[in-house]
$ cat coords_19.txt   # compact mmCIF, C-alpha atoms and all ligand atoms
# COMPACT_ATOMS: atom_id res chain seq x y z
CA MET A 144 13.68 -4.05 -18.06
CA GLU A 145 12.76 -0.41 -17.44
CA ILE A 146 12.43 -0.75 -13.66
CA LEU A 147 14.41 -3.23 -11.56
CA SER A 148 13.71 -2.12 -8.04
CA ILE A 149 14.18 -3.28 -4.48
CA TRP A 150 11.90 -2.24 -1.64
CA SER A 151 13.84 -0.95 1.33
CA TYR A 152 13.58 0.83 4.66
CA VAL A 153 15.44 4.04 5.47
CA TRP A 154 16.75 2.58 8.74
CA ASP A 155 18.56 -0.19 6.85
CA VAL A 156 20.00 2.04 4.12
CA ILE A 157 21.14 4.68 6.62
CA ASP A 158 22.64 2.28 9.17
CA GLU A 159 24.45 0.17 6.56
CA GLY A 160 25.75 3.23 4.70
CA VAL A 161 23.95 5.10 1.93
CA ASP A 162 26.79 4.96 -0.60
CA SER A 163 27.73 1.39 0.21
CA VAL A 164 24.18 0.05 -0.07
CA ILE A 165 23.27 1.94 -3.24
CA SER A 166 26.56 1.11 -4.93
CA THR A 167 26.19 -2.59 -4.12
CA LEU A 168 22.59 -2.76 -5.31
CA LYS A 169 23.37 -0.97 -8.56
CA ASN A 170 26.80 -2.21 -9.52
CA GLU A 171 26.97 -5.67 -8.02
CA ILE A 172 23.36 -6.81 -8.06
CA GLY A 173 22.20 -5.03 -11.24
CA LEU A 174 19.21 -3.07 -9.92
CA ASN A 175 18.41 0.39 -11.33
CA THR A 176 15.86 1.66 -8.76
CA LEU A 177 15.73 1.97 -4.98
CA SER A 178 12.18 1.98 -3.68
CA VAL A 179 12.28 3.44 -0.21
CA ALA A 180 9.43 3.54 2.31
CA THR A 181 8.64 7.23 2.75
CA SER A 182 5.35 6.72 4.58
CA TYR A 183 4.86 3.42 6.34
CA HIS A 184 2.46 1.55 8.59
CA SER A 185 3.36 0.34 12.09
CA VAL A 186 6.08 -2.28 11.93
CA ASP A 187 8.10 -4.80 13.95
CA HIS A 188 11.08 -5.73 11.80
CA LEU A 189 13.69 -8.38 12.62
CA ARG A 190 16.86 -7.03 11.04
CA VAL A 191 18.83 -10.10 10.04
CA HIS A 192 21.71 -8.02 8.65
CA GLN A 193 22.41 -6.88 12.23
CA ARG A 194 23.45 -8.54 15.47
CA GLU A 195 23.18 -5.61 17.81
CA ASN A 196 20.27 -3.28 17.17
CA ASN A 197 18.55 -6.10 15.32
CA PHE A 198 14.96 -5.09 15.89
CA TYR A 199 13.15 -2.06 14.56
CA SER A 200 9.74 -1.27 15.96
CA SER A 201 7.72 1.82 15.13
CA GLN A 202 4.29 3.27 14.95
CA ALA A 203 3.15 4.37 11.51
CA ALA A 204 5.29 7.29 10.39
CA ILE A 205 6.79 9.31 7.59
CA TYR A 206 10.56 9.04 7.19
CA PHE A 207 11.37 12.55 6.04
CA GLN A 208 11.03 16.12 7.26
CA PRO A 209 7.83 17.48 5.75
CA ASP A 210 7.60 20.84 4.00
CA ARG A 211 4.93 22.15 6.35
CA SER A 212 3.85 24.94 4.03
CA LEU A 213 2.24 22.26 1.84
CA TYR A 214 0.00 20.84 4.60
CA THR A 215 -1.99 23.95 5.46
CA ASN A 216 -5.22 22.65 3.86
CA THR A 217 -5.45 19.56 6.06
CA ARG A 218 -5.96 19.15 9.79
CA ILE A 219 -3.85 15.99 9.74
CA GLU A 220 -0.48 16.36 11.43
CA PRO A 221 2.22 14.46 9.48
CA PRO A 222 3.50 11.72 11.84
CA VAL A 223 7.25 12.29 11.57
CA SER A 224 9.44 9.36 12.62
CA PRO A 225 11.94 9.96 15.43
CA LEU A 226 14.51 8.90 12.82
CA ALA A 227 13.75 12.13 10.94
CA GLU A 228 13.83 14.53 13.87
CA THR A 229 17.44 15.68 13.65
CA VAL A 230 18.44 14.51 10.18
CA ASN A 231 16.40 13.94 7.06
CA PRO A 232 17.06 10.32 6.06
CA LEU A 233 15.20 10.68 2.78
CA ARG A 234 17.40 13.63 1.79
CA LEU A 235 20.52 11.56 2.45
CA ILE A 236 19.16 8.66 0.39
CA SER A 237 17.88 10.86 -2.44
CA ASP A 238 21.27 12.59 -2.70
CA GLY A 239 22.98 9.19 -2.61
CA CYS A 240 20.85 7.90 -5.47
CA ASP A 241 21.74 11.01 -7.49
CA ARG A 242 25.46 10.43 -6.85
CA HIS A 243 25.27 6.85 -8.08
CA GLY A 244 22.85 7.29 -10.97
CA MET A 245 20.26 5.15 -9.19
CA LYS A 246 16.58 5.94 -9.72
CA LEU A 247 14.51 6.53 -6.59
CA SER A 248 10.92 5.42 -6.06
CA SER A 249 8.63 6.44 -3.20
CA TRP A 250 7.08 3.40 -1.56
CA THR A 251 4.13 5.25 -0.09
CA VAL A 252 1.78 3.52 2.33
CA CYS A 253 -1.21 5.80 2.19
CA LEU A 254 -4.28 5.12 4.33
CA HIS A 255 -3.15 2.20 6.51
CA ASN A 256 -1.91 4.44 9.31
CA SER A 257 -2.91 3.69 12.90
CA GLN A 258 -0.84 6.56 14.29
CA ILE A 259 -2.92 9.21 12.50
CA GLY A 260 -6.09 7.20 13.17
CA ARG A 261 -5.48 7.08 16.92
CA ASN A 262 -4.44 10.73 17.15
CA GLN A 263 -7.31 11.93 14.98
CA PRO A 264 -10.08 9.29 15.00
CA GLU A 265 -12.40 11.67 13.19
CA VAL A 266 -10.54 10.87 9.94
CA ALA A 267 -10.65 7.08 10.39
CA GLN A 268 -13.16 4.70 8.88
CA ARG A 269 -16.21 3.84 11.02
CA ASP A 270 -18.05 0.57 10.92
CA VAL A 271 -21.83 0.42 10.71
CA PHE A 272 -22.09 0.50 14.51
CA GLY A 273 -20.07 3.73 14.68
CA ASN A 274 -16.79 2.27 15.92
CA PRO A 275 -13.59 3.81 14.52
CA CYS A 276 -11.13 1.61 12.61
CA TRP A 277 -7.95 3.34 13.78
CA HIS A 278 -5.66 1.65 11.30
CA ALA A 279 -7.74 2.75 8.31
CA LEU A 280 -8.04 6.38 7.24
CA CYS A 281 -11.15 7.00 5.18
CA PRO A 282 -10.50 7.96 1.54
CA ALA A 283 -13.74 9.95 1.47
CA ASN A 284 -12.61 12.27 4.27
CA GLU A 285 -11.54 15.68 2.95
CA ASP A 286 -8.67 16.06 5.43
CA VAL A 287 -7.35 12.66 4.39
CA ARG A 288 -7.57 13.58 0.72
CA GLU A 289 -5.79 16.91 1.26
CA TYR A 290 -3.14 15.18 3.38
CA MET A 291 -2.44 12.58 0.68
CA CYS A 292 -2.15 15.26 -2.01
CA ALA A 293 0.17 17.32 0.22
CA LEU A 294 2.30 14.26 0.98
CA VAL A 295 2.84 13.33 -2.66
CA LYS A 296 3.36 16.94 -3.70
CA ASP A 297 5.96 17.30 -0.92
CA LEU A 298 7.77 14.12 -1.97
CA THR A 299 7.85 14.86 -5.68
CA THR A 300 8.64 18.58 -5.32
CA ASN A 301 11.46 18.26 -2.81
CA TYR A 302 13.11 14.97 -3.83
CA ASN A 303 14.19 13.44 -7.10
CA PHE A 304 11.67 10.63 -7.43
CA ALA A 305 11.37 8.68 -10.67
CA THR A 306 8.08 7.11 -9.56
CA VAL A 307 5.59 7.17 -6.68
CA GLU A 308 4.10 3.83 -5.64
CA LEU A 309 0.77 4.18 -3.83
CA GLU A 310 0.00 1.31 -1.45
CA SER A 311 -3.31 1.06 0.44
CA CYS A 312 -4.80 4.11 -1.25
CA ASP A 313 -8.30 2.66 -0.81
CA TYR A 314 -10.70 1.33 1.85
CA GLN A 315 -8.82 -0.79 4.42
CA GLY A 316 -11.45 -1.77 6.95
CA GLY A 317 -12.39 -5.36 7.64
CA ARG A 318 -9.34 -6.97 6.03
CA HIS A 319 -7.27 -7.01 9.19
CA TYR A 320 -6.82 -4.90 12.29
CA HIS A 321 -3.90 -3.22 14.03
CA GLY A 322 -3.09 -5.58 16.89
CA HIS A 323 -3.21 -9.32 17.46
CA GLU A 324 -6.68 -10.30 16.34
CA LYS A 325 -8.93 -11.91 18.95
CA ILE A 326 -12.06 -12.90 17.08
CA GLY A 327 -14.28 -15.74 18.26
CA ILE A 328 -16.35 -16.05 15.10
CA PRO A 329 -14.95 -17.69 11.98
CA LEU A 330 -15.46 -14.49 10.00
CA GLY A 331 -16.29 -15.23 6.40
CA GLU A 332 -15.85 -13.06 3.34
CA MET A 333 -19.28 -11.51 3.85
CA ASP A 334 -18.64 -10.71 7.52
CA ARG A 335 -15.35 -9.01 6.73
CA PHE A 336 -16.87 -7.14 3.80
CA LEU A 337 -19.73 -5.79 5.90
CA LEU A 338 -17.48 -4.98 8.87
CA GLY A 339 -15.25 -3.06 6.48
CA LEU A 340 -17.98 -0.92 4.97
CA CYS A 341 -17.32 2.61 6.13
CA PHE A 342 -20.16 4.64 7.56
CA CYS A 343 -18.15 7.69 8.59
CA GLU A 344 -19.83 11.05 8.11
CA SER A 345 -17.93 11.70 4.86
CA CYS A 346 -19.12 8.41 3.35
CA ARG A 347 -22.68 8.97 4.55
CA LYS A 348 -22.65 12.43 3.01
CA ARG A 349 -21.39 11.16 -0.34
CA GLY A 350 -23.91 8.33 -0.22
CA ARG A 351 -26.77 10.74 0.39
CA ALA A 352 -25.53 12.92 -2.48
CA ALA A 353 -25.75 9.82 -4.70
CA GLY A 354 -29.38 9.38 -3.69
CA ILE A 355 -28.80 6.39 -1.40
CA ASP A 356 -31.04 5.79 1.61
CA ILE A 357 -28.21 5.54 4.17
CA ALA A 358 -30.49 4.68 7.09
CA ALA A 359 -31.91 1.70 5.19
CA LEU A 360 -28.45 0.56 4.15
CA ALA A 361 -27.02 0.85 7.68
CA ASN A 362 -30.00 -0.96 9.11
CA GLY A 363 -29.61 -3.83 6.62
CA VAL A 364 -25.86 -4.16 7.13
CA GLY A 365 -26.17 -3.89 10.91
CA CYS A 366 -28.88 -6.57 11.03
CA GLU A 367 -26.77 -9.05 9.05
CA LEU A 368 -23.77 -8.53 11.34
CA ALA A 369 -25.89 -8.60 14.48
CA VAL A 370 -27.19 -12.06 13.57
CA SER A 371 -23.62 -13.27 13.04
CA PHE A 372 -22.45 -11.79 16.34
CA ALA A 373 -25.39 -13.25 18.24
CA SER A 374 -25.17 -16.74 16.78
CA GLY A 375 -21.41 -17.11 16.44
CA GLU A 376 -21.98 -18.33 12.91
CA PRO A 377 -20.55 -16.47 9.92
CA ILE A 378 -23.06 -14.86 7.56
CA GLN A 379 -24.22 -17.48 5.11
CA ILE A 380 -25.73 -15.42 2.32
CA GLY A 381 -23.88 -14.51 -0.87
CA PHE A 382 -23.49 -11.12 -2.48
CA ASP A 383 -26.56 -11.34 -4.72
CA GLU A 384 -28.75 -12.29 -1.78
CA LEU A 385 -27.32 -9.44 0.26
CA CYS A 386 -28.19 -7.03 -2.55
CA ALA A 387 -31.70 -8.47 -2.67
CA ASN A 388 -32.06 -7.94 1.10
CA VAL A 389 -30.29 -4.57 1.12
CA PRO A 390 -30.77 -3.06 -2.33
CA GLU A 391 -28.80 0.11 -1.49
CA THR A 392 -25.58 -1.93 -1.38
CA ARG A 393 -24.69 -1.76 -5.08
CA ALA A 394 -25.03 2.02 -5.34
CA TYR A 395 -22.96 2.42 -2.16
CA LEU A 396 -20.17 0.31 -3.67
CA ASP A 397 -20.27 2.45 -6.82
CA MET A 398 -19.93 5.55 -4.63
CA ARG A 399 -16.93 4.00 -2.83
CA GLU A 400 -15.22 3.24 -6.13
CA SER A 401 -15.64 6.80 -7.29
CA VAL A 402 -14.16 7.97 -3.95
CA VAL A 403 -11.03 5.86 -4.45
CA SER A 404 -10.61 6.59 -8.17
CA SER A 405 -11.06 10.33 -7.72
CA LEU A 406 -8.58 10.38 -4.82
CA ILE A 407 -5.96 8.68 -6.98
CA ALA A 408 -6.74 11.17 -9.77
CA GLU A 409 -6.27 14.09 -7.36
CA ILE A 410 -2.92 12.66 -6.23
CA LYS A 411 -1.86 12.12 -9.84
CA ALA A 412 -2.74 15.74 -10.64
CA VAL A 413 -0.31 17.12 -8.02
CA SER A 414 2.46 14.57 -8.47
CA LYS A 415 5.54 15.60 -10.41
CA ALA A 416 6.49 11.93 -10.91
CA PRO A 417 4.67 9.04 -12.60
CA ILE A 418 2.23 7.21 -10.34
CA SER A 419 2.06 3.49 -9.75
CA SER A 420 -1.04 2.17 -8.02
CA MET A 421 -0.74 -0.99 -6.00
CA ALA A 422 -3.74 -3.33 -5.92
CA MET A 423 -4.01 -5.43 -2.76
CA GLY A 424 -7.56 -6.01 -1.54
CA THR A 425 -10.48 -7.24 -3.58
CA ARG A 426 -12.49 -4.72 -5.57
CA ARG A 427 -15.48 -5.08 -3.24
CA HIS A 428 -13.52 -4.69 0.01
CA ALA A 429 -11.21 -1.93 -1.15
CA GLY A 430 -13.46 0.03 -3.48
CA TYR A 431 -10.67 -0.36 -6.02
CA ASN A 432 -11.94 -0.44 -9.60
CA ALA A 433 -8.92 -1.18 -11.78
CA GLU A 434 -10.77 -0.31 -14.97
CA GLN A 435 -11.31 3.23 -13.69
CA ILE A 436 -7.84 3.52 -12.25
CA ARG A 437 -6.05 2.41 -15.43
CA GLU A 438 -7.16 5.66 -17.05
CA ILE A 439 -5.40 7.64 -14.30
CA VAL A 440 -2.14 5.95 -13.37
CA ASP A 441 1.10 5.22 -15.19
CA TRP A 442 1.66 1.80 -13.65
CA TYR A 443 -0.52 -0.89 -12.10
CA GLU A 444 1.38 -2.83 -9.46
CA ILE A 445 0.60 -6.37 -8.35
CA LEU A 446 2.26 -8.56 -5.75
CA CYS A 447 3.10 -12.08 -6.95
CA TYR A 448 4.52 -13.63 -3.82
CA THR A 449 4.32 -17.22 -4.99
CA PRO A 450 6.73 -20.08 -5.71
CA SER A 451 4.77 -20.92 -8.86
CA PRO A 452 5.65 -19.27 -12.20
CA GLU A 453 2.29 -20.49 -13.53
CA SER A 454 0.50 -18.64 -10.75
CA LEU A 455 2.55 -15.52 -11.48
CA GLU A 456 1.74 -15.76 -15.18
CA GLN A 457 -1.95 -16.02 -14.41
CA SER A 458 -1.79 -12.97 -12.14
CA VAL A 459 0.08 -10.97 -14.77
CA GLN A 460 -2.40 -11.96 -17.47
CA ASN A 461 -5.32 -11.02 -15.24
CA ALA A 462 -3.69 -7.67 -14.51
CA ALA A 463 -2.98 -7.07 -18.20
CA THR A 464 -6.65 -7.77 -18.98
CA LEU A 465 -7.68 -5.19 -16.35
CA MET A 466 -5.24 -2.77 -18.02
CA ASN A 467 -6.99 -3.26 -21.37
CA GLY A 468 -4.27 -5.58 -22.65
CA GLN A 469 -1.37 -3.29 -21.74
CA VAL A 470 1.00 -5.76 -20.09
CA ASP A 471 3.73 -3.11 -20.32
CA LYS A 472 1.77 -1.12 -17.73
CA VAL A 473 1.93 -3.96 -15.18
CA TRP A 474 4.59 -3.69 -12.43
CA VAL A 475 5.26 -7.01 -10.70
CA GLY A 476 6.45 -7.45 -7.12
CA VAL A 477 8.24 -10.68 -6.17
CA CYS A 478 9.48 -11.81 -2.76
CA ALA A 479 13.12 -12.89 -2.53
CA TYR A 480 12.84 -15.22 0.44
CA PRO A 481 10.73 -18.20 1.61
CA PRO A 482 8.05 -19.33 1.41
CA ALA A 483 7.41 -17.44 -1.85
CA SER A 484 10.99 -18.04 -2.99
CA PRO A 485 12.43 -21.14 -1.34
CA ASP A 486 15.58 -20.90 -3.49
CA ALA A 487 17.35 -18.82 -6.14
CA ALA A 488 16.03 -20.90 -9.03
CA THR A 489 12.40 -20.26 -8.05
CA LEU A 490 12.95 -16.51 -7.87
CA ALA A 491 14.75 -16.54 -11.23
CA ALA A 492 11.98 -18.59 -12.87
CA ASN A 493 9.36 -16.14 -11.65
CA VAL A 494 11.22 -13.07 -12.84
CA LYS A 495 11.87 -14.68 -16.23
CA ALA A 496 8.21 -15.61 -16.55
CA ALA A 497 7.24 -11.98 -15.97
CA ALA A 498 9.83 -10.70 -18.45
CA ASP A 499 8.76 -13.23 -21.09
CA LEU A 500 5.19 -11.93 -20.83
CA GLY A 501 6.37 -8.38 -21.60
CA VAL A 502 6.49 -6.97 -18.07
CA ARG A 503 8.83 -3.95 -17.90
CA ALA A 504 8.95 -3.35 -14.14
CA VAL A 505 9.87 -5.76 -11.36
CA SER A 506 10.43 -5.07 -7.66
CA PHE A 507 12.06 -7.35 -5.14
CA TYR A 508 10.85 -7.58 -1.53
CA ASN A 509 12.73 -6.49 0.65
CA TYR A 510 16.36 -5.43 1.17
CA GLY A 511 16.45 -5.37 4.97
CA ILE A 512 14.16 -8.34 5.52
CA MET A 513 15.96 -10.81 3.29
CA PRO A 514 19.16 -12.40 4.59
CA MET A 515 22.28 -11.09 2.80
CA PRO A 516 22.87 -14.25 0.69
CA ASN A 517 19.47 -13.72 -0.94
CA LEU A 518 20.80 -10.59 -2.65
CA LYS A 519 22.75 -13.01 -4.86
CA TRP A 520 19.42 -14.63 -5.75
CA VAL A 521 18.25 -11.22 -6.95
CA LYS A 522 21.41 -10.84 -9.03
CA THR A 523 20.92 -14.29 -10.57
CA ALA A 524 17.29 -13.50 -11.37
CA ILE A 525 18.27 -10.24 -13.10
CA GLU A 526 21.00 -11.95 -15.09
CA GLY A 527 18.47 -14.52 -16.29
CA ILE A 528 16.24 -12.05 -18.19
ZN ZN B 1 -15.76 6.76 5.33

$ encode --input "coords_19.txt" --output "structure tokens" --more "lines below"
Ligand SMILES: [Zn+2]
Amino acid sequence: MEILSIWSYVWDVIDEGVDSVISTLKNEIGLNTLSVATSYHSVDHLRVHQRENNFYSSQAAIYFQPDRSLYTNTRIEPPVSPLAETVNPLRLISDGCDRHGMKLSSWTVCLHNSQIGRNQPEVAQRDVFGNPCWHALCPANEDVREYMCALVKDLTTNYNFATVELESCDYQGGRHYHGHEKIGIPLGEMDRFLLGLCFCESCRKRGRAAGIDIAALANGVGCELAVSFASGEPIQIGFDELCANVPETRAYLDMRESVVSSLIAEIKAVSKAPISSMAMGTRRHAGYNAEQIREIVDWYEILCYTPSPESLEQSVQNAATLMNGQVDKVWVGVCAYPPASPDAATLAANVKAAADLGVRAVSFYNYGIMPMPNLKWVKTAIEGI
């Protein structure tokens, strides 16, 4: 297996000891890659390895000291974690990986960032009614695009990364929100899709450049949602009927896909490490067209958090089809604790199923979330392939 990785947080690796953690993961468990969150969304993490200091809570942040000379083309201020104010945790971890011959991967949460969105709402997505979605930076916004390129250039220029994993590098709106959701309508797929359509000025501008009548589109989308809001009933029509009612929709979705694909291409162009793109939302919600993106990236990453090897196999086969049959380009994430993995045997069966299909990269979720005994499950799973 080319990549056997574990997702991890800097606060866990630093507090538990860089050398101790890396040495254990490499020599005792059999992993060859540490995938550390360099840029991360807001989080409340119960740290079950700890008794005191067992809760980590943070706004979205980056966990390293940025090279500010690289961010001069964006108005976005990198949201540096308090953990990186006096020391650079990523430097300590990168150096530790070098000492132990462990590969390092950047687990990079891209546009799901409510800290930047609240500080600078002009770069966030806007729904059709003009309301900002603070947790979702818009991939069409030029400052966002420059920021993402600067971030990845910074990471891959100043640290020894073997790979960069891009998570949420697409449209985020409508899938979920930042806080506890209080929504009195049973939102259906169509409601969430329409609520998530971005009508920020950057998207409108790109839509107009593509010849789309933005006023007609916004009017159609707004009317559908207004009926749902007024009645309390989710929107009943399907996608084809929506496109019949609002014919601009299809061209707008094409524009969104080109926004996402071209952003990933721009990031790839400045990265000094191979890029892995993580697919999470549906194509329609996220603007994520895997058939475009496969021509750009080195890896296509999917999350298979399931107790069923058959389900995992199906997901891998679907991903391989999207990658034009290249199963060796598919990177599979598995979760090493319940409910996805109720026991060691389930985790091992899933990892073996992926390996038997020709998958060459597997990541385990997540070092600091799983209880310590589950690390042995990871070891058993690795030994079984
Ligand atoms: Zn937008």

$ closest_residue --input "coords_19.txt" --among "A:Leu280, A:Val295, A:Ala387, A:Ala497" --to "ligand ZN 1 (chain B)" --atoms "all atoms listed in the file"
A:Leu280

$ closest_residue --input "coords_19.txt" --among "A:Arg349, A:Arg503, A:His319, A:Lys495" --to "ligand ZN 1 (chain B)" --atoms "only C-alpha atoms and all ligand atoms"
A:Arg349

$ residues_around --input "coords_19.txt" --residues "range 367-384 of chain A" --least-positions-apart "2" --cutoff "8 Å" --atoms "only C-alpha atoms" --output "JSON, numbers by chain"
{"A": [327, 328, 329, 330, 331, 333, 334, 337, 338, 363, 364, 365, 386, 387, 388]}

$ residues_near_ligand --input "coords_19.txt" --ligand "ligand ZN 1 (chain B)" --cutoff "7 Å" --atoms "only C-alpha atoms and all ligand atoms" --output "CSV table (one decimal) with C-alpha atoms, in the coordinates of the input"
chain,number,residue,atom,x,y,z
A,268,GLN,CA,-13.2,4.7,8.9
A,269,ARG,CA,-16.2,3.8,11.0
A,281,CYS,CA,-11.2,7.0,5.2
A,282,PRO,CA,-10.5,8.0,1.5
A,283,ALA,CA,-13.7,10.0,1.5
A,284,ASN,CA,-12.6,12.3,4.3
A,341,CYS,CA,-17.3,2.6,6.1
A,342,PHE,CA,-20.2,4.6,7.6
A,343,CYS,CA,-18.2,7.7,8.6
A,344,GLU,CA,-19.8,11.0,8.1
A,345,SER,CA,-17.9,11.7,4.9
A,346,CYS,CA,-19.1,8.4,3.4

$ residues_around --input "coords_19.txt" --residues "Gly239 in chain A" --least-positions-apart "3" --cutoff "7 Å" --atoms "all atoms listed in the file" --output "list in words"
Val161, Asp162, Leu235, Ile236, Arg242 and His243 of chain A

$ closest_residue --input "coords_19.txt" --among "A:Ala358, A:Lys348, A:Gly244, A:Asn216" --to "Leu294 in chain A" --atoms "all atoms listed in the file"
A:Asn216

$ closest_residue --input "coords_19.txt" --among "A:Ala429, A:Ile172, A:Ala305, A:Met513" --to "Asp241 in chain A" --atoms "all atoms listed in the file"
A:Ala305

$ residues_around --input "coords_19.txt" --residues "range 352-356 of chain A" --least-positions-apart "3" --cutoff "12 Å" --atoms "only C-alpha atoms" --output "JSON, numbers by chain"
{"A": [345, 346, 347, 348, 349, 359, 360, 361, 362, 363, 389, 390, 391, 392, 393, 394, 395, 396, 397, 398, 399, 401, 402]}

$ closest_residue --input "coords_19.txt" --among "A:Ile326, A:Val307, A:Cys478, A:Val502" --to "Val440 in chain A" --atoms "all atoms listed in the file"
A:Val307

$ residues_around --input "coords_19.txt" --residues "Thr489 in chain A" --least-positions-apart "3" --cutoff "12 Å" --atoms "all atoms listed in the file" --output "PyMOL selection string"
chain A and resi 448-453+455+477-486+492-496+517+520-521+523-524+527

$ closest_atom_pairs --input "coords_19.txt" --of "range 242-309 of chain A" --to "range 418-426 of chain A" --cutoff "7 Å" --atoms "only C-alpha atoms" --output "tab-separated table"
residue	atom	partner	partner_atom	distance
A:Thr306	CA	A:Ile418	CA	5.9
A:Val307	CA	A:Ile418	CA	5.0
A:Glu308	CA	A:Ser419	CA	4.6
A:Leu309	CA	A:Ser420	CA	5.0

$ atom_distance --input "coords_19.txt" --atom1 "CA of Pro417 in chain A" --atom2 "CA of Ile439 in chain A"
10.3 Å

$ atom_distance --input "coords_19.txt" --atom1 "CA of Asn197 in chain A" --atom2 "CA of Ser224 in chain A"
18.1 Å

$ residues_around --input "coords_19.txt" --residues "Arg261 in chain A" --least-positions-apart "5" --cutoff "12 Å" --atoms "only C-alpha atoms" --output "count of residues only"
17

$ closest_residue --input "coords_19.txt" --among "A:Lys522, A:Lys411, A:Arg351, A:Arg190" --to "Leu174 in chain A" --atoms "only C-alpha atoms"
A:Lys522

$ residues_near_point --input "coords_19.txt" --point "(8.7, 5.3, 5.9)" --cutoff "10 Å" --atoms "all atoms listed in the file" --output "PyMOL selection string"
chain A and resi 151-154+179-185+201+203-207+223-224+226-227+232-233+249-252

$ atom_distance --input "coords_19.txt" --atom1 "CA of Ser212 in chain A" --atom2 "CA of Cys292 in chain A"
12.9 Å

$ residues_near_point --input "coords_19.txt" --point "(-13.3, 6.1, -7.2)" --cutoff "9 Å" --atoms "only C-alpha atoms" --output "JSON, numbers by chain"
{"A": [313, 397, 398, 399, 400, 401, 402, 403, 404, 405, 406, 407, 408, 430, 431, 432, 435, 436]}
